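Heads up: the structure comes next, in structure tokens.
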Amino acid sequence: MTGVEWRFRAVVVAHAVSAYGTYLNLIALSLFSYEVTGTALGVGVVMAVRLLSGVTAGLAAGALTARFTRRTVMVVTDFAQTLAMVVLALRASDTPLWVLLGAVVVLGAGNTFFNVALRSAVPVMVGQDDRARANGVLVTARSVATVLGFASAAPVIALGGFGVAFAVNAASFAVSAAAVLVLRPRTDDQPCDESGEERAGAGSSPAGGKRPRLRVAGLAGALLGMIALRGLDALASASHNVALPLAAHAAEPSDPAVFMTRFWSAWAVGTLLAHQVLKRRSHGASWGERAFAVGTCAMSFCFVAAFTGLPAPALMASAVAAGFADGWTEIVYTSRLQAAPDRQRGRLFGLSATAEQSGFALGTMAAAAALEVLPALTVVGAFHGAAVCGALALLLFAGGRRWMGRPGQGDGDTHSHSHADDGRPPISESRPSVGEDHPSTGDNRPPTGENHPSLGENHPSTGENRPPTGHNRPPTGEDHSHPPPAGEEKGEHAHGTSTGASQLPGP
């Protein structure tokens, strides 16, 4: 990485501490919500409020990060979550429901705002060339924090109660806020002109007047497809998160927590391996929608396999493979969105956060209801089957864009418009002179094209009863046929419509 590597890594460590507190709090807050409300419905309402606040925050995150600096958003949201957890820690013995709901709103919105600001700021902090490695470091740190947070939740709550668990989470947010405030990493680009941003997002400068609109439209279609698939991925992930405790109780009824810890630890190892592999592939096709779709398919298959009753070694191998695919998709997806221009990046990640939160919320409710009447394998298979269908649709879309982009196809992405302004054919076309592709028709014109201008040149009529061959010539990639001489029927000897037709041998 660049010279800011130490600063970025310090921010990542601080964020990992915050993530540890967040995952510890997921378990503590769910148990605490049951203690406050006294019903499973109350727990569901509290969790739904938290997810809904995250969905709403995703819609506003792009505008917020555009109005204020990303560093400001990160510090303020961390301090707000610190304050919310301090209030819960102090009122843990007697917490009104409205205080609990207010805290979860702050937690849900604050987590979304922070993640959108951090993920969209990564290319600024480390540079576009190193964003994939930086995302791998973030994914690895978050995976380790996930395992440690889940594993330590039970002993922390058992030893100190909910007040201590909430205080630990508050301290983790304070560490993250202090690190960003003290290190002051550069999180925002200097204002730049729109054309420069479009070049950065498209990867190459446009060739002509209408090219920017075509490039941006194509880019938006690919990105929207990836965001939609990310939402389906979150919906599918909710199913295995809800069903995994059931599988743990079925596999090890005496100690399901050990099963859960072992499974998620193996998953974290897989995400670490994904980072090690992808950091050596910083360029090429590893960062497109096809790589993301293939990784989503692999992840779904691996998570479904974990519920088929595999023996312990095979189950751990499936968890490692699922973690590898999960880390792969996270790094590829985040790196792809970060390639967008700086002004669009915040809106993209805000939309992504909304899709992810909505998918996870819907998946949690639907999977919990389905598990009441269906076995875990059926539910997880159905939800991940939807994700696989979405991935296949994205692959078809990506394949269609690639086919349309080939020379000579309808898109004409490479050379069909390169000389549209000056009327000259592309250099690679090399069309033969008149008379080479057509047999002699009996008129007095030379069969070899002597004393006759080539196609594409503007010249007056030669006096024959046919129009000049160079006037009003359509752009390359359209119909290049010209009227045959008098007495000759049309169709057999007309040129084809593709640019490769001139390479076919004549009759």
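Order determines the names: the first chain of the structure tokens is A, the second B, and so forth; residues in each chain are numbered 1 upward, and ligands are numbered 1 upward as they are shown.
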
At a cut-off of 8 Å, can you tabulate as a Markdown table every residue of region 218-268 of chain A near region 370-378 of chain A together with its closest atom pair and the distance in Å to one decimal, using only C-alpha atoms and ordering rows by chain then number?
| residue | atom | partner | partner_atom | distance |
| --- | --- | --- | --- | --- |
| A:Ala243 | CA | A:Ala376 | CA | 5.9 |
| A:Leu246 | CA | A:Ala376 | CA | 7.7 |
| A:Ala247 | CA | A:Ala376 | CA | 7.6 |

Output for the residues just chosen: N, CA and C atoms as a JSON list (two decimals), in the first residue's frame:
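Done, and the output landed in out-v1.json:
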[["chain", "number", "residue", "atom", "x", "y", "z"],
["A", 243, "ALA", "N", -31.36, -20.69, 11.06],
["A", 243, "ALA", "CA", -31.43, -22.15, 11.15],
["A", 243, "ALA", "C", -30.22, -22.77, 11.83],
["A", 246, "LEU", "N", -30.65, -24.23, 15.34],
["A", 246, "LEU", "CA", -31.39, -25.49, 15.32],
["A", 246, "LEU", "C", -30.48, -26.65, 14.96],
["A", 247, "ALA", "N", -29.62, -26.42, 13.96],
["A", 247, "ALA", "CA", -28.67, -27.47, 13.58],
["A", 247, "ALA", "C", -27.69, -27.75, 14.71]]

Do you know which residues are at most 9 Å from Ala84 (chain A) counting only C-alpha atoms, after dropping those on the same chain fewer than 6 positions away, and could you put them as a PDB file with C-alpha atoms, in the first residue's frame?
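Once written, result.pdb looks like this:
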ATOM      1  CA  GLY A 102     -34.392   4.616  21.277  1.00  0.00           C
ATOM      2  CA  ALA A 103     -31.081   2.851  21.801  1.00  0.00           C
ATOM      3  CA  VAL A 104     -31.679   0.294  19.065  1.00  0.00           C
ATOM      4  CA  VAL A 106     -29.330   4.790  17.307  1.00  0.00           C
ATOM      5  CA  LEU A 107     -27.466   1.494  16.959  1.00  0.00           C
ATOM      6  CA  ALA A 170     -19.764   1.353  24.628  1.00  0.00           C
TER       7      ALA A 170
END

Need the shell around region 220-233 of chain A: protein/DNA/RNA residues with any atom at most 10 Å away, counting only C-alpha atoms. Skip same-chain ones fewer than 6 positions apart. Format as a ChimeraX atom specification?
/A:214,288-290,292-293,296-297,299-300,326,329-330,333,336-337,340,348-349,351-360,363,383-395,397-398,401

Keeping only N, CA and C atoms, take the residues you just selected and write them out as a compact mmCIF listing (two decimals), in the first residue's frame.
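What landed in result-v4.txt:
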# COMPACT_ATOMS: atom_id res chain seq x y z
N LEU A 214 -23.59 6.24 -22.97
CA LEU A 214 -23.65 4.81 -23.12
C LEU A 214 -22.85 4.11 -22.05
N GLY A 288 -15.21 -8.01 -11.39
CA GLY A 288 -16.42 -7.69 -12.10
C GLY A 288 -17.62 -8.42 -11.54
N GLU A 289 -18.77 -8.19 -12.21
CA GLU A 289 -20.01 -8.80 -11.74
C GLU A 289 -20.00 -10.31 -11.90
N ARG A 290 -19.25 -10.81 -12.90
CA ARG A 290 -19.21 -12.27 -13.07
C ARG A 290 -18.52 -12.96 -11.89
N PHE A 292 -18.37 -11.84 -8.87
CA PHE A 292 -19.27 -11.72 -7.73
C PHE A 292 -20.40 -12.75 -7.82
N ALA A 293 -20.96 -12.94 -9.02
CA ALA A 293 -22.05 -13.91 -9.18
C ALA A 293 -21.58 -15.34 -8.94
N THR A 296 -21.15 -15.88 -5.25
CA THR A 296 -22.44 -16.02 -4.57
C THR A 296 -22.99 -17.43 -4.74
N CYS A 297 -22.88 -17.98 -5.93
CA CYS A 297 -23.32 -19.36 -6.16
C CYS A 297 -22.55 -20.34 -5.27
N MET A 299 -20.95 -19.76 -2.46
CA MET A 299 -21.30 -19.57 -1.06
C MET A 299 -22.63 -20.24 -0.73
N SER A 300 -23.62 -20.09 -1.60
CA SER A 300 -24.93 -20.69 -1.34
C SER A 300 -24.83 -22.21 -1.30
N ASP A 326 -17.71 -16.35 0.96
CA ASP A 326 -18.26 -15.14 1.58
C ASP A 326 -17.25 -14.00 1.54
N THR A 329 -16.82 -12.78 -2.17
CA THR A 329 -17.89 -11.91 -2.66
C THR A 329 -17.85 -10.54 -1.98
N GLU A 330 -17.53 -10.50 -0.69
CA GLU A 330 -17.48 -9.23 0.02
C GLU A 330 -16.39 -8.32 -0.55
N TYR A 333 -17.25 -7.40 -4.32
CA TYR A 333 -18.39 -6.48 -4.38
C TYR A 333 -18.00 -5.08 -3.91
N ARG A 336 -15.67 -3.36 -6.34
CA ARG A 336 -16.35 -2.94 -7.57
C ARG A 336 -17.12 -1.64 -7.35
N LEU A 337 -17.84 -1.54 -6.25
CA LEU A 337 -18.57 -0.30 -5.98
C LEU A 337 -17.62 0.86 -5.72
N ALA A 340 -16.45 3.34 -8.53
CA ALA A 340 -17.30 4.42 -9.02
C ALA A 340 -16.70 5.77 -8.65
N LEU A 348 -24.10 4.94 -3.79
CA LEU A 348 -24.09 3.51 -4.09
C LEU A 348 -24.05 2.67 -2.82
N PHE A 349 -23.16 3.03 -1.90
CA PHE A 349 -23.06 2.25 -0.67
C PHE A 349 -24.29 2.45 0.22
N LEU A 351 -27.37 2.87 -0.99
CA LEU A 351 -28.35 1.99 -1.62
C LEU A 351 -28.04 0.53 -1.31
N SER A 352 -26.76 0.19 -1.30
CA SER A 352 -26.37 -1.18 -0.97
C SER A 352 -26.75 -1.53 0.46
N ALA A 353 -26.51 -0.61 1.39
CA ALA A 353 -26.88 -0.86 2.79
C ALA A 353 -28.38 -1.07 2.93
N THR A 354 -29.16 -0.28 2.21
CA THR A 354 -30.62 -0.45 2.25
C THR A 354 -31.02 -1.82 1.72
N ALA A 355 -30.42 -2.24 0.61
CA ALA A 355 -30.74 -3.55 0.04
C ALA A 355 -30.34 -4.68 0.99
N GLU A 356 -29.17 -4.56 1.59
CA GLU A 356 -28.71 -5.61 2.50
C GLU A 356 -29.57 -5.69 3.75
N GLN A 357 -29.86 -4.55 4.35
CA GLN A 357 -30.66 -4.55 5.57
C GLN A 357 -32.08 -5.03 5.29
N SER A 358 -32.65 -4.59 4.17
CA SER A 358 -34.01 -5.03 3.83
C SER A 358 -34.04 -6.53 3.58
N GLY A 359 -33.06 -7.03 2.82
CA GLY A 359 -33.02 -8.46 2.55
C GLY A 359 -32.85 -9.28 3.81
N PHE A 360 -31.97 -8.84 4.71
CA PHE A 360 -31.74 -9.60 5.93
C PHE A 360 -32.98 -9.57 6.83
N GLY A 363 -35.61 -11.76 5.21
CA GLY A 363 -35.20 -13.15 5.32
C GLY A 363 -35.31 -13.69 6.73
N PHE A 383 -34.09 -20.61 0.26
CA PHE A 383 -33.62 -19.22 0.31
C PHE A 383 -32.32 -19.06 -0.50
N HIS A 384 -31.41 -19.99 -0.34
CA HIS A 384 -30.17 -19.88 -1.11
C HIS A 384 -30.40 -20.22 -2.59
N GLY A 385 -31.44 -20.99 -2.89
CA GLY A 385 -31.79 -21.20 -4.28
C GLY A 385 -32.20 -19.91 -4.97
N ALA A 386 -32.90 -19.04 -4.22
CA ALA A 386 -33.25 -17.73 -4.78
C ALA A 386 -32.00 -16.91 -5.08
N ALA A 387 -31.01 -16.99 -4.18
CA ALA A 387 -29.76 -16.27 -4.43
C ALA A 387 -29.02 -16.82 -5.65
N VAL A 388 -29.04 -18.13 -5.82
CA VAL A 388 -28.39 -18.73 -6.99
C VAL A 388 -29.08 -18.30 -8.27
N CYS A 389 -30.42 -18.24 -8.26
CA CYS A 389 -31.14 -17.78 -9.45
C CYS A 389 -30.77 -16.33 -9.77
N GLY A 390 -30.66 -15.49 -8.74
CA GLY A 390 -30.24 -14.11 -8.98
C GLY A 390 -28.84 -14.04 -9.53
N ALA A 391 -27.94 -14.90 -9.04
CA ALA A 391 -26.57 -14.90 -9.55
C ALA A 391 -26.52 -15.34 -11.01
N LEU A 392 -27.32 -16.35 -11.36
CA LEU A 392 -27.35 -16.79 -12.76
C LEU A 392 -27.91 -15.69 -13.67
N ALA A 393 -28.91 -14.96 -13.18
CA ALA A 393 -29.44 -13.84 -13.97
C ALA A 393 -28.36 -12.78 -14.20
N LEU A 394 -27.58 -12.51 -13.17
CA LEU A 394 -26.50 -11.52 -13.32
C LEU A 394 -25.44 -12.03 -14.28
N LEU A 395 -25.15 -13.32 -14.25
CA LEU A 395 -24.19 -13.89 -15.19
C LEU A 395 -24.68 -13.77 -16.63
N PHE A 397 -26.74 -11.49 -17.73
CA PHE A 397 -26.65 -10.07 -18.07
C PHE A 397 -25.22 -9.68 -18.42
N ALA A 398 -24.26 -10.16 -17.61
CA ALA A 398 -22.85 -9.85 -17.88
C ALA A 398 -22.40 -10.48 -19.20
N ARG A 401 -23.80 -8.38 -22.08
CA ARG A 401 -23.04 -7.14 -22.27
C ARG A 401 -21.71 -7.42 -22.95

Please measure the separation of CA of Ala325 (chain A) and CA of Arg50 (chain A), giving the value in Å to one decimal.
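CA of Arg50 (chain A) lies 27.6 Å from CA of Ala325 (chain A).
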
From the list A:Val49, A:Val147, A:Ala382, A:Ala339, which residue is nearest Leu101 (chain A) when using only C-alpha atoms?
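The shortest atom-to-atom distance to Leu101 (chain A) comes from A:Val49.
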
Using only C-alpha atoms, which residue out of A:Phe114, A:Phe263, A:Trp6, A:Phe307 lies closest to Ala319 (chain A)?
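Closest candidate: A:Phe263.
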
With only C-alpha atoms as the atoms that count, which of A:Arg186, A:Arg343, A:His249, A:Lys279 lies nearest to Arg7 (chain A)?
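Between A:Arg186, A:Arg343, A:His249, A:Lys279, the residue approaching Arg7 (chain A) most closely is A:Arg186.
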
Extract, using only C-alpha atoms, all DNA, RNA and protein residues at most 8 Å from Asn135 (chain A), discarding same-chain residues fewer than 3 positions from it, and format them as an NGL selection string.
:A and (122 or 131-132 or 138-139 or 331 or 334-335)

For the residues in that selection, give me N, CA, C and O atoms as a CSV table (one decimal), in the first residue's frame.
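File written: out.csv
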chain,number,residue,atom,x,y,z
A,122,VAL,N,-12.5,4.2,1.6
A,122,VAL,CA,-11.3,3.3,1.4
A,122,VAL,C,-10.4,3.7,0.2
A,122,VAL,O,-9.2,3.9,0.4
A,131,ARG,N,-7.2,-0.7,-3.2
A,131,ARG,CA,-8.5,-0.8,-2.4
A,131,ARG,C,-8.9,-2.3,-2.2
A,131,ARG,O,-9.5,-2.6,-1.2
A,132,ALA,N,-8.5,-3.2,-3.1
A,132,ALA,CA,-8.8,-4.6,-2.9
A,132,ALA,C,-8.1,-5.2,-1.7
A,132,ALA,O,-8.7,-5.9,-0.9
A,138,LEU,N,-10.1,-5.4,5.9
A,138,LEU,CA,-11.3,-5.1,6.6
A,138,LEU,C,-12.2,-6.3,6.8
A,138,LEU,O,-12.7,-6.5,7.9
A,139,VAL,N,-12.3,-7.1,5.8
A,139,VAL,CA,-13.1,-8.3,5.9
A,139,VAL,C,-12.5,-9.3,6.9
A,139,VAL,O,-13.2,-9.9,7.7
A,331,ILE,N,-15.2,-8.9,-0.8
A,331,ILE,CA,-14.1,-8.1,-1.3
A,331,ILE,C,-14.4,-7.6,-2.7
A,331,ILE,O,-14.1,-6.5,-3.1
A,334,THR,N,-17.3,-5.0,-2.8
A,334,THR,CA,-17.0,-3.7,-2.2
A,334,THR,C,-16.0,-3.0,-3.2
A,334,THR,O,-16.1,-1.8,-3.4
A,335,SER,N,-15.0,-3.7,-3.7
A,335,SER,CA,-14.0,-3.1,-4.6
A,335,SER,C,-14.7,-2.6,-5.9
A,335,SER,O,-14.3,-1.6,-6.4

Go through A:Val124, A:Ala28, A:Ala298, A:Ala312 one by one, measure the shortest atom-to-atom distance of each to Val164 (chain A) using only C-alpha atoms, and give the residue with the smallest value.
A:Ala28

Taking the chain letters and numbering used in this document, name the residues of region 271-384 of chain A that DSSP puts in alpha helix (DSSP H), as a ChimeraX atom specification.
/A:271-278,289-305,312-338,342-370,376-384

So what do you get for CA of Tyr20 (chain A) versus CA of Arg119 (chain A), distance-wise?
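Separating CA of Tyr20 (chain A) from CA of Arg119 (chain A) is a distance of 17.9 Å.
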
Have a look at CA of Ala274 (chain A) and CA of Glu5 (chain A) and let me know their distance in Å, one decimal.
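Spanning CA of Ala274 (chain A) to CA of Glu5 (chain A) is a straight-line distance of 20.4 Å.
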
Could you list, as JSON, numbers by chain, every residue within 9 Å of Pro245 (chain A), counting only C-alpha atoms and ignoring same-chain residues fewer than 2 positions away?
{"A": [240, 241, 242, 243, 247, 248, 249, 250, 256, 257, 259, 260]}

Shortest contact to Gly270 (chain A), candidates A:Gly327, A:Gly136, A:Gly62, A:Pro253, atoms counted only C-alpha atoms, goes to A:Gly327
